[in-house]
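The next block is final-v5.cif, given as mmCIF, C-alpha atoms.
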```
data_entry
#
loop_
_atom_site.label_atom_id
_atom_site.label_comp_id
_atom_site.auth_asym_id
_atom_site.auth_seq_id
_atom_site.Cartn_x
_atom_site.Cartn_y
_atom_site.Cartn_z
CA MET A 7 -7.55 -12.53 -24.41
CA LYS A 8 -4.91 -10.91 -26.52
CA THR A 9 -2.86 -8.16 -24.96
CA ASP A 10 -3.95 -5.68 -27.58
CA GLU A 11 -7.57 -6.42 -26.67
CA LEU A 12 -6.77 -5.61 -23.04
CA ILE A 13 -4.94 -2.42 -24.01
CA THR A 14 -7.90 -1.30 -26.10
CA LEU A 15 -10.20 -1.92 -23.18
CA LEU A 16 -8.04 -0.05 -20.70
CA ALA A 17 -7.44 2.97 -22.92
CA ALA A 18 -10.99 3.33 -24.23
CA ARG A 19 -12.66 6.61 -23.25
CA GLU A 20 -10.01 7.05 -20.61
CA GLY A 21 -10.23 10.42 -18.90
CA GLY A 22 -7.47 11.81 -16.73
CA VAL A 23 -6.93 10.84 -13.13
CA ALA A 24 -5.78 12.98 -10.21
CA PRO A 25 -2.59 11.91 -8.43
CA ALA A 26 -3.27 9.94 -5.27
CA ARG A 27 -2.59 11.63 -1.96
CA PRO A 28 -1.91 8.87 0.56
CA LEU A 29 -1.91 11.07 3.68
CA ALA A 30 -5.30 12.49 2.75
CA ARG A 31 -6.60 8.95 2.37
CA VAL A 32 -5.04 7.74 5.62
CA SER A 33 -6.05 10.69 7.83
CA PRO A 34 -9.70 9.67 8.32
CA ALA A 35 -8.51 6.20 9.36
CA LEU A 36 -6.12 7.79 11.87
CA ALA A 37 -8.83 10.02 13.29
CA ALA A 38 -11.32 7.16 13.55
CA GLY A 39 -8.61 4.92 15.02
CA LEU A 40 -7.85 7.44 17.74
CA ALA A 41 -11.54 7.84 18.53
CA LEU A 42 -11.94 4.07 18.78
CA ALA A 43 -8.84 3.74 20.97
CA LEU A 44 -10.17 6.43 23.31
CA ALA A 45 -13.59 4.80 23.43
CA GLY A 46 -11.92 1.47 24.11
CA THR A 47 -9.81 2.95 26.90
CA LEU A 48 -12.81 4.43 28.65
CA ALA A 49 -15.00 1.36 28.15
CA LEU A 50 -12.43 -1.30 29.09
CA PHE A 51 -10.20 0.44 31.59
CA GLY A 52 -11.87 3.66 32.64
CA ALA A 53 -10.21 7.04 32.93
CA ASN A 54 -7.59 7.63 35.58
CA PRO A 55 -9.49 9.04 38.59
CA ASP A 56 -6.54 11.32 39.32
CA LEU A 57 -6.27 12.46 35.73
CA ALA A 58 -6.68 16.18 36.45
CA ALA A 59 -4.10 16.09 39.24
CA ASP A 60 -1.63 14.02 37.20
CA ALA A 61 -2.03 16.26 34.18
CA SER A 62 -0.68 19.16 36.17
CA HIS A 63 2.69 17.35 36.40
CA ALA A 64 5.04 17.93 33.51
CA SER A 65 6.01 14.25 33.47
CA PHE A 66 2.43 13.27 32.62
CA TRP A 67 2.87 14.81 29.20
CA ALA A 68 5.96 12.82 28.31
CA ARG A 69 3.93 9.81 27.13
CA PRO A 70 1.40 11.60 24.90
CA LEU A 71 4.12 13.87 23.49
CA PHE A 72 6.32 10.88 22.73
CA ALA A 73 3.43 9.12 21.00
CA LEU A 74 2.64 12.22 18.94
CA ALA A 75 6.28 12.72 17.96
CA LEU A 76 6.62 9.11 16.89
CA LEU A 77 3.37 9.36 14.94
CA ALA A 78 4.65 12.47 13.16
CA ALA A 79 7.84 10.58 12.23
CA VAL A 80 5.91 7.56 10.94
CA LEU A 81 3.47 9.33 8.64
CA PRO A 82 5.89 10.37 5.85
CA PRO A 83 7.37 6.87 5.32
CA LEU A 84 3.88 5.39 5.64
CA ALA A 85 2.66 7.68 2.85
CA ALA A 86 5.73 6.73 0.80
CA CYS A 87 4.96 3.03 1.26
CA ALA A 88 1.53 3.56 -0.28
CA ARG A 89 3.21 4.21 -3.65
CA PRO A 90 5.51 1.97 -5.65
CA ALA A 91 9.14 3.09 -5.63
CA ALA A 92 8.82 6.07 -3.29
CA ARG A 93 11.66 6.28 -0.80
CA ALA A 94 10.65 5.67 2.83
CA ARG A 95 12.96 7.46 5.26
CA LEU A 96 12.94 5.60 8.55
CA TRP A 97 15.72 7.31 10.51
CA PRO A 98 13.45 10.04 11.98
CA LEU A 99 11.75 7.28 13.99
CA THR A 100 14.84 6.96 16.15
CA LEU A 101 14.63 10.54 17.41
CA PRO A 102 11.61 10.35 19.75
CA LEU A 103 12.86 6.97 20.97
CA ALA A 104 16.33 8.35 21.72
CA VAL A 105 14.92 11.33 23.60
CA LEU A 106 12.58 9.14 25.67
CA TRP A 107 15.26 6.57 26.51
CA LEU A 108 17.84 9.18 27.43
CA ALA A 109 15.38 10.97 29.70
CA ALA A 110 14.27 7.66 31.22
CA ALA A 111 17.86 6.56 31.81
CA GLN A 112 18.61 9.88 33.44
CA GLN A 113 15.59 9.58 35.73
CA LEU A 114 16.52 5.99 36.60
CA MET A 115 20.13 6.73 37.39
CA SER A 116 19.39 9.77 39.50
CA ALA A 117 16.84 7.87 41.60
CA PRO A 118 17.75 6.43 44.98
CA GLU A 119 18.70 2.71 44.93
CA GLY A 120 15.56 1.06 46.28
CA THR A 121 13.15 2.99 44.06
CA ARG A 122 14.47 1.95 40.65
CA ALA A 123 12.44 -1.24 40.31
CA ALA A 124 9.29 0.72 41.06
CA LEU A 125 10.18 3.27 38.37
CA LEU A 126 10.50 0.49 35.85
CA LEU A 127 7.64 -1.77 36.85
CA GLY A 128 5.11 0.53 38.45
CA ASP A 129 1.96 -1.18 39.60
CA SER A 130 0.52 -2.18 36.27
CA TRP A 131 3.33 -3.37 34.03
CA GLN A 132 1.55 -6.63 33.21
CA ALA A 133 -1.34 -4.81 31.58
CA CYS A 134 0.36 -2.00 29.75
CA ALA A 135 1.85 -3.44 26.56
CA ALA A 136 -1.03 -5.85 25.97
CA SER A 137 -3.60 -3.10 26.51
CA ILE A 138 -1.90 -0.88 23.97
CA LEU A 139 -1.90 -3.70 21.44
CA LEU A 140 -5.58 -4.38 22.06
CA LEU A 141 -6.53 -0.71 21.73
CA ALA A 142 -4.53 -0.43 18.51
CA LEU A 143 -6.25 -3.28 16.68
CA PRO A 144 -9.29 -1.37 15.36
CA SER A 145 -7.07 1.39 14.03
CA LEU A 146 -4.68 -1.12 12.47
CA ALA A 147 -7.60 -2.77 10.72
CA LEU A 148 -8.78 0.59 9.38
CA MET A 149 -5.33 1.59 8.16
CA LEU A 150 -4.71 -1.71 6.43
CA THR A 151 -8.09 -1.39 4.74
CA VAL A 152 -7.12 2.03 3.38
CA LEU A 153 -3.63 0.86 2.33
CA ARG A 154 -5.18 -2.02 0.40
CA THR A 155 -6.86 0.42 -1.95
CA MET A 156 -3.52 2.00 -2.80
CA ALA A 157 -0.41 0.51 -4.35
CA PRO A 158 2.04 -0.67 -1.72
CA THR A 159 4.84 -2.82 -3.12
CA ARG A 160 6.67 -3.35 0.18
CA LEU A 161 3.95 -5.12 2.09
CA ALA A 162 5.69 -6.02 5.35
CA LEU A 163 7.10 -2.50 5.72
CA ALA A 164 3.75 -0.88 4.95
CA GLY A 165 2.10 -3.16 7.51
CA ALA A 166 4.77 -2.44 10.11
CA LEU A 167 4.41 1.32 9.69
CA ALA A 168 0.62 1.07 9.86
CA GLY A 169 1.09 -0.95 13.05
CA LEU A 170 3.49 1.63 14.45
CA ALA A 171 1.03 4.44 13.75
CA SER A 172 -1.81 2.47 15.35
CA GLY A 173 0.38 1.80 18.36
CA CYS A 174 1.04 5.53 18.77
CA LEU A 175 -2.70 6.26 18.70
CA ALA A 176 -3.34 3.53 21.26
CA ALA A 177 -0.54 4.81 23.49
CA LEU A 178 -2.04 8.29 23.29
CA ALA A 179 -5.44 6.97 24.33
CA TYR A 180 -4.03 4.72 27.02
CA SER A 181 -2.42 7.72 28.74
CA VAL A 182 -5.92 8.75 29.74
CA HIS A 183 -6.15 5.65 31.92
CA CYS A 184 -2.61 4.82 32.92
CA PRO A 185 -1.49 6.33 36.25
CA GLU A 186 2.22 5.58 35.76
CA LEU A 187 4.14 8.81 35.39
CA ALA A 188 7.66 7.40 35.55
CA LEU A 189 9.65 7.76 32.34
CA PRO A 190 11.42 4.39 32.70
CA PHE A 191 8.01 2.71 32.79
CA ALA A 192 6.97 4.39 29.56
CA ALA A 193 10.34 3.79 27.95
CA LEU A 194 9.92 0.07 28.55
CA TRP A 195 6.24 -0.84 28.46
CA TYR A 196 4.75 1.79 26.16
CA VAL A 197 7.51 1.21 23.68
CA LEU A 198 7.01 -2.55 23.95
CA GLY A 199 3.30 -2.12 23.26
CA ILE A 200 4.00 0.02 20.21
CA VAL A 201 6.64 -2.43 18.97
CA LEU A 202 4.15 -5.31 19.32
CA CYS A 203 1.71 -3.33 17.18
CA ALA A 204 4.39 -2.78 14.53
CA LEU A 205 5.23 -6.50 14.50
CA SER A 206 1.56 -7.41 14.16
CA GLY A 207 1.30 -5.04 11.22
CA ALA A 208 4.43 -6.48 9.64
CA TRP A 209 2.96 -9.98 9.94
CA LEU A 210 -0.43 -8.95 8.56
CA GLY A 211 0.96 -6.80 5.71
CA PRO A 212 1.90 -9.53 3.21
CA ARG A 213 -1.26 -11.47 4.06
CA VAL A 214 -3.71 -8.61 3.77
CA LEU A 215 -2.27 -5.95 1.46
CA ALA A 216 -1.58 -7.98 -1.67
CA TRP A 217 -3.27 -6.62 -4.82
CA MET B 28 17.68 3.61 -23.85
CA HIS B 29 16.63 6.81 -22.16
CA ASP B 30 14.68 8.15 -25.11
CA LYS B 31 12.16 5.34 -24.60
CA GLU B 32 11.81 6.26 -20.94
CA GLU B 33 11.25 9.86 -22.00
CA ALA B 34 8.67 8.81 -24.58
CA LEU B 35 6.89 6.72 -21.96
CA SER B 36 6.98 9.60 -19.46
CA ALA B 37 5.58 12.06 -21.98
CA LEU B 38 2.81 9.70 -23.06
CA PHE B 39 1.94 8.91 -19.45
CA ALA B 40 1.76 12.56 -18.47
CA ALA B 41 -0.55 13.26 -21.43
CA ALA B 42 -2.63 10.25 -20.45
CA LEU B 43 -3.08 11.45 -16.88
CA GLY B 44 -4.26 14.72 -18.33
CA GLY B 45 -7.04 12.88 -20.20
CA ASP B 46 -5.54 12.06 -23.60
CA ALA B 47 -6.91 8.57 -24.27
CA ALA B 48 -4.97 8.15 -27.53
CA ALA B 49 -1.70 8.95 -25.75
CA TYR B 50 -2.65 6.48 -23.04
CA ARG B 51 -3.18 3.74 -25.61
CA ARG B 52 0.24 4.45 -27.10
CA PHE B 53 1.73 4.45 -23.61
CA LEU B 54 0.28 1.01 -22.87
CA GLN B 55 1.46 -0.36 -26.22
CA LEU B 56 5.01 0.94 -25.73
CA ALA B 57 5.05 -0.23 -22.09
CA ALA B 58 3.88 -3.66 -23.25
CA GLN B 59 6.80 -3.95 -25.67
CA VAL B 60 9.31 -2.88 -23.03
CA LEU B 61 7.85 -5.16 -20.38
CA ARG B 62 7.59 -8.13 -22.73
CA ALA B 63 11.34 -7.97 -23.33
CA TRP B 64 11.96 -7.46 -19.61
CA LEU B 65 9.79 -10.47 -18.77
CA ARG B 66 11.32 -12.73 -21.41
CA ARG B 67 14.73 -12.28 -19.80
CA ARG B 68 13.39 -13.28 -16.40
CA MET B 69 11.02 -16.03 -17.48
CA ALA B 70 13.37 -17.84 -19.82
CA GLN B 71 12.17 -21.22 -18.48
CA THR B 72 8.49 -20.40 -18.98
CA PRO B 73 8.15 -18.26 -22.11
CA ASP B 74 4.52 -19.27 -22.64
CA GLU B 75 3.57 -17.55 -19.37
CA VAL B 76 5.11 -14.20 -20.31
CA GLU B 77 1.94 -12.81 -21.87
CA ASP B 78 -0.17 -13.74 -18.83
CA VAL B 79 2.15 -11.87 -16.47
CA LEU B 80 2.36 -8.96 -18.90
CA GLN B 81 -1.42 -8.60 -18.88
CA GLU B 82 -1.47 -8.63 -15.08
CA ILE B 83 1.19 -5.92 -15.02
CA LEU B 84 -0.68 -3.74 -17.54
CA LEU B 85 -3.87 -4.05 -15.50
CA ALA B 86 -1.91 -3.16 -12.36
CA LEU B 87 -0.34 -0.12 -14.03
CA HIS B 88 -3.80 0.98 -15.10
CA ASN B 89 -5.49 0.42 -11.75
CA GLN B 90 -2.74 2.23 -9.90
CA ARG B 91 -1.88 4.95 -12.41
CA ALA B 92 -2.72 7.58 -9.79
CA SER B 93 0.10 6.32 -7.58
CA HIS B 94 2.77 7.83 -9.81
CA LEU B 95 3.74 11.31 -8.66
CA PRO B 96 4.12 13.69 -11.61
CA GLY B 97 7.70 14.93 -11.74
CA GLN B 98 9.16 11.68 -10.39
CA PRO B 99 10.95 9.40 -12.86
CA LEU B 100 8.61 6.90 -14.48
CA GLY B 101 11.05 3.98 -14.72
CA PRO B 102 11.32 3.11 -10.99
CA TRP B 103 7.53 3.27 -10.63
CA LEU B 104 6.91 1.11 -13.69
CA PHE B 105 9.45 -1.55 -12.78
CA ALA B 106 8.50 -1.57 -9.08
CA ILE B 107 5.00 -2.61 -10.13
CA ALA B 108 6.35 -5.08 -12.70
CA ARG B 109 8.67 -6.66 -10.13
CA TYR B 110 5.91 -6.82 -7.56
CA LYS B 111 3.52 -8.55 -9.96
CA LEU B 112 6.15 -10.98 -11.26
CA VAL B 113 7.17 -12.06 -7.75
CA ASP B 114 3.50 -12.36 -6.81
CA TYR B 115 2.91 -14.54 -9.88
CA TRP B 116 5.80 -16.85 -9.02
CA ARG B 117 4.67 -17.18 -5.40
CA ARG B 118 1.11 -18.03 -6.46
CA HIS B 119 2.47 -20.77 -8.67
CA GLY B 120 4.55 -22.20 -5.86
CA ARG B 121 7.85 -21.19 -7.36
CA ARG B 122 10.66 -19.76 -5.32
CA ALA B 123 11.11 -16.21 -6.54
CA PRO B 124 14.77 -15.66 -7.40
CA HIS B 125 16.28 -12.43 -6.20
CA LEU B 126 15.50 -9.68 -8.69
CA PRO B 127 18.22 -7.03 -8.75
CA LEU B 128 16.87 -3.57 -8.14
CA ASP B 129 18.80 -1.86 -10.92
CA ASP B 130 17.27 -3.99 -13.63
CA GLU B 131 15.31 -1.39 -15.55
CA HIS B 132 15.91 -1.99 -19.22
CA PHE B 133 13.97 -0.05 -21.78
CA GLU B 134 14.64 -2.33 -24.71
CA LEU B 135 11.78 -3.37 -26.93
CA ALA B 136 10.80 -6.95 -27.53
CA ALA B 137 11.43 -8.34 -30.99
CA ALA B 138 8.23 -8.17 -33.01
CA GLN B 139 6.02 -11.17 -32.57
CA PRO B 140 4.65 -12.96 -35.60
CA GLU B 141 1.20 -13.29 -34.06
CA GLU B 142 0.00 -12.16 -30.70
CA GLU B 143 -0.75 -14.96 -28.29
CA ASN B 144 -4.03 -15.52 -26.56
CA THR B 145 -3.75 -15.96 -22.84
CA ALA B 146 -5.98 -18.25 -20.83
CA HIS B 147 -7.89 -15.30 -19.42
CA ASP B 148 -11.03 -14.85 -21.44
CA LEU B 149 -12.24 -11.27 -21.25
CA SER B 150 -15.93 -11.97 -21.81
CA ARG B 151 -15.92 -14.69 -19.18
CA LEU B 152 -14.15 -12.40 -16.68
CA LEU B 153 -16.58 -9.57 -17.35
CA ALA B 154 -19.54 -11.90 -16.95
CA ALA B 155 -18.34 -12.69 -13.44
CA LEU B 156 -18.56 -9.06 -12.37
CA PRO B 157 -21.60 -7.61 -10.58
CA GLU B 158 -23.93 -5.66 -12.85
CA LYS B 159 -23.01 -2.27 -11.39
CA GLN B 160 -19.44 -2.85 -12.59
CA ARG B 161 -20.01 -4.95 -15.68
CA GLU B 162 -22.50 -2.65 -17.39
CA PRO B 163 -20.44 0.56 -17.08
CA ILE B 164 -17.36 -1.26 -18.39
CA ARG B 165 -19.32 -2.83 -21.25
CA LEU B 166 -21.00 0.42 -22.27
CA VAL B 167 -18.11 2.85 -21.85
CA LYS B 168 -15.04 0.72 -22.50
CA LEU B 169 -16.35 -1.75 -25.06
CA ALA B 170 -19.25 0.03 -26.77
CA GLY B 171 -17.58 3.45 -26.61
CA LEU B 172 -20.39 5.41 -24.99
CA SER B 173 -19.52 8.48 -22.99
CA VAL B 174 -19.99 8.39 -19.22
CA SER B 175 -23.15 10.49 -19.43
CA GLU B 176 -24.62 8.30 -22.19
CA ALA B 177 -23.88 5.21 -20.14
CA ALA B 178 -25.44 6.85 -17.09
CA ALA B 179 -28.61 7.53 -19.05
CA GLU B 180 -28.64 4.00 -20.41
CA THR B 181 -28.22 2.28 -17.04
CA GLY B 182 -30.11 4.68 -14.83
CA MET B 183 -26.99 5.06 -12.68
CA SER B 184 -25.49 8.42 -11.78
CA GLU B 185 -22.39 9.54 -13.67
CA SER B 186 -20.19 9.13 -10.60
CA ALA B 187 -21.64 5.65 -10.03
CA VAL B 188 -20.66 4.79 -13.61
CA LYS B 189 -17.11 6.01 -13.05
CA VAL B 190 -16.87 4.18 -9.72
CA GLY B 191 -18.26 1.05 -11.37
CA ILE B 192 -15.57 1.12 -14.05
CA HIS B 193 -12.83 1.80 -11.51
CA ARG B 194 -13.93 -0.97 -9.13
CA GLY B 195 -14.75 -3.34 -11.98
CA LEU B 196 -11.22 -3.16 -13.40
CA LYS B 197 -9.78 -3.73 -9.92
CA ALA B 198 -12.13 -6.70 -9.51
CA LEU B 199 -10.97 -7.98 -12.89
CA ALA B 200 -7.37 -7.90 -11.67
CA ALA B 201 -8.38 -9.77 -8.50
CA LEU B 202 -10.24 -12.40 -10.56
CA ILE B 203 -7.19 -12.98 -12.73
CA ARG B 204 -5.04 -13.35 -9.63
CA ARG B 205 -7.36 -15.96 -8.28
CA GLU B 206 -7.74 -17.87 -11.53
CA LYS B 207 -4.47 -19.70 -11.60
#
```
Using structure tokens, write down the structure from this file.
Amino acid sequence: MKTDELITLLAAREGGVAPARPLARVSPALAAGLALALAGTLALFGANPDLAADASHASFWARPLFALALLAAVLPPLAACARPAARARLWPLTLPLAVLWLAAAQQLMSAPEGTRAALLLGDSWQACAASILLLALPSLALMLTVLRTMAPTRLALAGALAGLASGCLAALAYSVHCPELALPFAALWYVLGIVLCALSGAWLGPRVLAW
Amino acid sequence: MHDKEEALSALFAAALGGDAAAYRRFLQLAAQVLRAWLRRRMAQTPDEVEDVLQEILLALHNQRASHLPGQPLGPWLFAIARYKLVDYWRRHGRRAPHLPLDDEHFELAAAQPEEENTAHDLSRLLAALPEKQREPIRLVKLAGLSVSEAAAETGMSESAVKVGIHRGLKALAALIRREK
């Protein structure tokens, strides 16, 4: 076809269009992703039998609060990635990480010698990161599906941020099951799980988001 | 140079507000700017310039909602152009050379003696679409019916007609991507 033919087609009877709002489009995927991660946690791992008792400790809330803070930091650059040429500010992501690691380091260093390994490894370190990745997959799939309908031009970054967001939701859900209250444990294994989700997203992005 | 960017911005803003004539002028001016931009970067393959240009125009159309009013138009336009050009090169097995980010040039292409026909045949592409997309596009975009007239003609609801056009043009872009 000739370009003018295409232009005529595109412009014909063309009404206006409302500007896209990426966060509005992504929010249902986030909500559904969290619901699926929670359902997955209960179905695959079961809730922590001591949940009520643990929740009365302040340190229980470190993990969900960290996940929420990281999620809040990821949403603006994720929304930016859904548009061509919008600037994605990544530095706020370092803040929740810095706070968690500093607090974990402090807890580790102030602990008596023999207990440090236990603070880091807990009883369930083998399962933690992999479980978070598993729980994040449905939400990652949903987010990538939504991003595909928009106009990302930085596909690996968009995928990585979608992965990071999914990882935060999974970490939130996993806190319902996980009995490990030590900050060093979370600083290592939860963060690893979330990082694995981000890497999965970064790998999938260029393969799945192209338009 | 900047007066063309301003002209494009003004036309685009009018187009988003529903002015179809302004939108047509926007696409024509954008095509001239992008043709020149592409010719500089596709010096080895000038006969492919028009194909890539058509893909970029379709992309600009399908994603016109992704431009935030008030933001400069140039970065948005050239981000999409760059993305589509690199995608085109990758699909054809060519190593994409590094495209500098500050390469927005609003010069117009020299007038062409006769416009070239690309390998993408519009009627063949439309025929490959499902009926719920093909008929709304044919009636509204080609035959010039209004959305409500097309809805009456097809028995579809007005929103189904609009959705059919929207999805059909995205499907058209995907078909073109898959063709070569």
Could you tell me, as a PyMOL selection string, exactly which residues end up selected when the PyMOL selection byres ((chain B) within 6 of (chain A)) is applied to this structure?
chain B and resi 43-45+47+50-51+92-93+102-103+106+144-145+147-149+168
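Proximity of A:Ser130, A:Ser116, A:Asn54, A:Ser65 to His183 in chain A, computed with all atoms listed in the file, is greatest for A:Asn54.
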CA of Ala85 in chain A to CA of Gly207 in chain A measures 15.3 Å
Which residues match the PyMOL selection byres ((chain B and resi 162) around 9) in the file above, as a PDB file with C-alpha atoms, keeping the file's coordinate frame?
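Result went into part.pdb, see below:
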```pdb
ATOM      1  CA  PRO B 157     -21.600  -7.610 -10.580  1.00  0.00           C
ATOM      2  CA  GLU B 158     -23.930  -5.660 -12.850  1.00  0.00           C
ATOM      3  CA  LYS B 159     -23.010  -2.270 -11.390  1.00  0.00           C
ATOM      4  CA  GLN B 160     -19.440  -2.850 -12.590  1.00  0.00           C
ATOM      5  CA  ARG B 161     -20.010  -4.950 -15.680  1.00  0.00           C
ATOM      6  CA  PRO B 163     -20.440   0.560 -17.080  1.00  0.00           C
ATOM      7  CA  ILE B 164     -17.360  -1.260 -18.390  1.00  0.00           C
ATOM      8  CA  ARG B 165     -19.320  -2.830 -21.250  1.00  0.00           C
ATOM      9  CA  LEU B 166     -21.000   0.420 -22.270  1.00  0.00           C
ATOM     10  CA  VAL B 167     -18.110   2.850 -21.850  1.00  0.00           C
ATOM     11  CA  ALA B 177     -23.880   5.210 -20.140  1.00  0.00           C
ATOM     12  CA  THR B 181     -28.220   2.280 -17.040  1.00  0.00           C
ATOM     13  CA  VAL B 188     -20.660   4.790 -13.610  1.00  0.00           C
ATOM     14  CA  GLY B 191     -18.260   1.050 -11.370  1.00  0.00           C
ATOM     15  CA  ILE B 192     -15.570   1.120 -14.050  1.00  0.00           C
TER      16      ILE B 192
END
```
Excluding Leu61 in chain B and any residue of its chain fewer than 5 positions from it, enumerate the residues within 12 Å of it, using all atoms listed in the file, and give them as number ranges by chain.
B: 53-56, 66-69, 76-84, 87, 101, 104-109, 111-112, 130-137
Hey, can you check how far CA of Ala117 in chain A sits from CA of Ala58 in chain A?
25.5 Å
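Distance check against Leu150 in chain A using only C-alpha atoms: of A:Leu215, A:Leu106, A:Ala45, A:Leu125, the minimum falls on A:Leu215.
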Go through the shown structure with the PyMOL selection byres ((chain A and resi 186-203) around 9) and write out the matching residues as an mmCIF file with C-alpha atoms, in the coordinates of the input.
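The resulting file, result.cif, is shown below:
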```cif
data_model
loop_
_atom_site.group_PDB
_atom_site.id
_atom_site.type_symbol
_atom_site.label_atom_id
_atom_site.label_comp_id
_atom_site.auth_asym_id
_atom_site.auth_seq_id
_atom_site.Cartn_x
_atom_site.Cartn_y
_atom_site.Cartn_z
ATOM 1 C CA ASP A 60 -1.630 14.020 37.200
ATOM 2 C CA HIS A 63 2.690 17.350 36.400
ATOM 3 C CA SER A 65 6.010 14.250 33.470
ATOM 4 C CA PHE A 66 2.430 13.270 32.620
ATOM 5 C CA TRP A 67 2.870 14.810 29.200
ATOM 6 C CA ALA A 68 5.960 12.820 28.310
ATOM 7 C CA ARG A 69 3.930 9.810 27.130
ATOM 8 C CA LEU A 103 12.860 6.970 20.970
ATOM 9 C CA LEU A 106 12.580 9.140 25.670
ATOM 10 C CA TRP A 107 15.260 6.570 26.510
ATOM 11 C CA ALA A 109 15.380 10.970 29.700
ATOM 12 C CA ALA A 110 14.270 7.660 31.220
ATOM 13 C CA ALA A 111 17.860 6.560 31.810
ATOM 14 C CA GLN A 113 15.590 9.580 35.730
ATOM 15 C CA LEU A 114 16.520 5.990 36.600
ATOM 16 C CA ARG A 122 14.470 1.950 40.650
ATOM 17 C CA ALA A 124 9.290 0.720 41.060
ATOM 18 C CA LEU A 125 10.180 3.270 38.370
ATOM 19 C CA LEU A 126 10.500 0.490 35.850
ATOM 20 C CA LEU A 127 7.640 -1.770 36.850
ATOM 21 C CA GLY A 128 5.110 0.530 38.450
ATOM 22 C CA ASP A 129 1.960 -1.180 39.600
ATOM 23 C CA SER A 130 0.520 -2.180 36.270
ATOM 24 C CA TRP A 131 3.330 -3.370 34.030
ATOM 25 C CA GLN A 132 1.550 -6.630 33.210
ATOM 26 C CA CYS A 134 0.360 -2.000 29.750
ATOM 27 C CA ALA A 135 1.850 -3.440 26.560
ATOM 28 C CA ALA A 136 -1.030 -5.850 25.970
ATOM 29 C CA SER A 137 -3.600 -3.100 26.510
ATOM 30 C CA ILE A 138 -1.900 -0.880 23.970
ATOM 31 C CA LEU A 139 -1.900 -3.700 21.440
ATOM 32 C CA LEU A 140 -5.580 -4.380 22.060
ATOM 33 C CA ALA A 142 -4.530 -0.430 18.510
ATOM 34 C CA LEU A 143 -6.250 -3.280 16.680
ATOM 35 C CA LEU A 146 -4.680 -1.120 12.470
ATOM 36 C CA ALA A 166 4.770 -2.440 10.110
ATOM 37 C CA ALA A 168 0.620 1.070 9.860
ATOM 38 C CA GLY A 169 1.090 -0.950 13.050
ATOM 39 C CA LEU A 170 3.490 1.630 14.450
ATOM 40 C CA ALA A 171 1.030 4.440 13.750
ATOM 41 C CA SER A 172 -1.810 2.470 15.350
ATOM 42 C CA GLY A 173 0.380 1.800 18.360
ATOM 43 C CA CYS A 174 1.040 5.530 18.770
ATOM 44 C CA ALA A 176 -3.340 3.530 21.260
ATOM 45 C CA ALA A 177 -0.540 4.810 23.490
ATOM 46 C CA SER A 181 -2.420 7.720 28.740
ATOM 47 C CA CYS A 184 -2.610 4.820 32.920
ATOM 48 C CA PRO A 185 -1.490 6.330 36.250
ATOM 49 C CA ALA A 204 4.390 -2.780 14.530
ATOM 50 C CA LEU A 205 5.230 -6.500 14.500
ATOM 51 C CA SER A 206 1.560 -7.410 14.160
ATOM 52 C CA GLY A 207 1.300 -5.040 11.220
ATOM 53 C CA ALA A 208 4.430 -6.480 9.640
#
```
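Residues within 10 Å of Ser36 in chain B, counting all atoms listed in the file and excluding same-chain residues fewer than 6 positions away, are Asp30, Ala42, Phe53, Pro96, Gly97, Gln98, Pro99, Leu100 and Gly101 of chain B.
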Polymer residues at most 8 Å from Leu99 in chain A, all atoms listed in the file, same-chain spacing of 3 or more positions, as a PyMOL selection string:
chain A and resi 76+79-80+96+102-103
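Our summary of the geometry notes that CA of Val182 in chain A is positioned 26.3 Å from CA of Pro98 in chain A.
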Grab all the atoms of range 113-118 of chain B that the file lists, wrap them in a box along x, y and z, add 8 Å per side, and give me centre plus edge lengths in Å (one decimal) as AutoDock Vina command-line options.
```
--center_x 4.1 --center_y -15.0 --center_z -7.6 --size_x 22.1 --size_y 22.0 --size_z 20.5
```
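For the set A:Leu210, A:Leu101, A:Ala133, A:Leu48, the residue with the smallest atom-to-atom gap to Ala147 in chain A is A:Leu210, counting all atoms listed in the file.
Proximity to Leu148 in chain A at 9 Å, evaluated using only C-alpha atoms and with sequence-adjacent residues fewer than 6 positions away removed, yields A:Val32, A:Ala35, A:Leu36, A:Ala38, A:Gly39.
Nearest to Leu44 in chain A of all the residues A:Leu153, A:Ala104, A:Ala162, A:Leu141 is A:Leu141, based on all atoms listed in the file.
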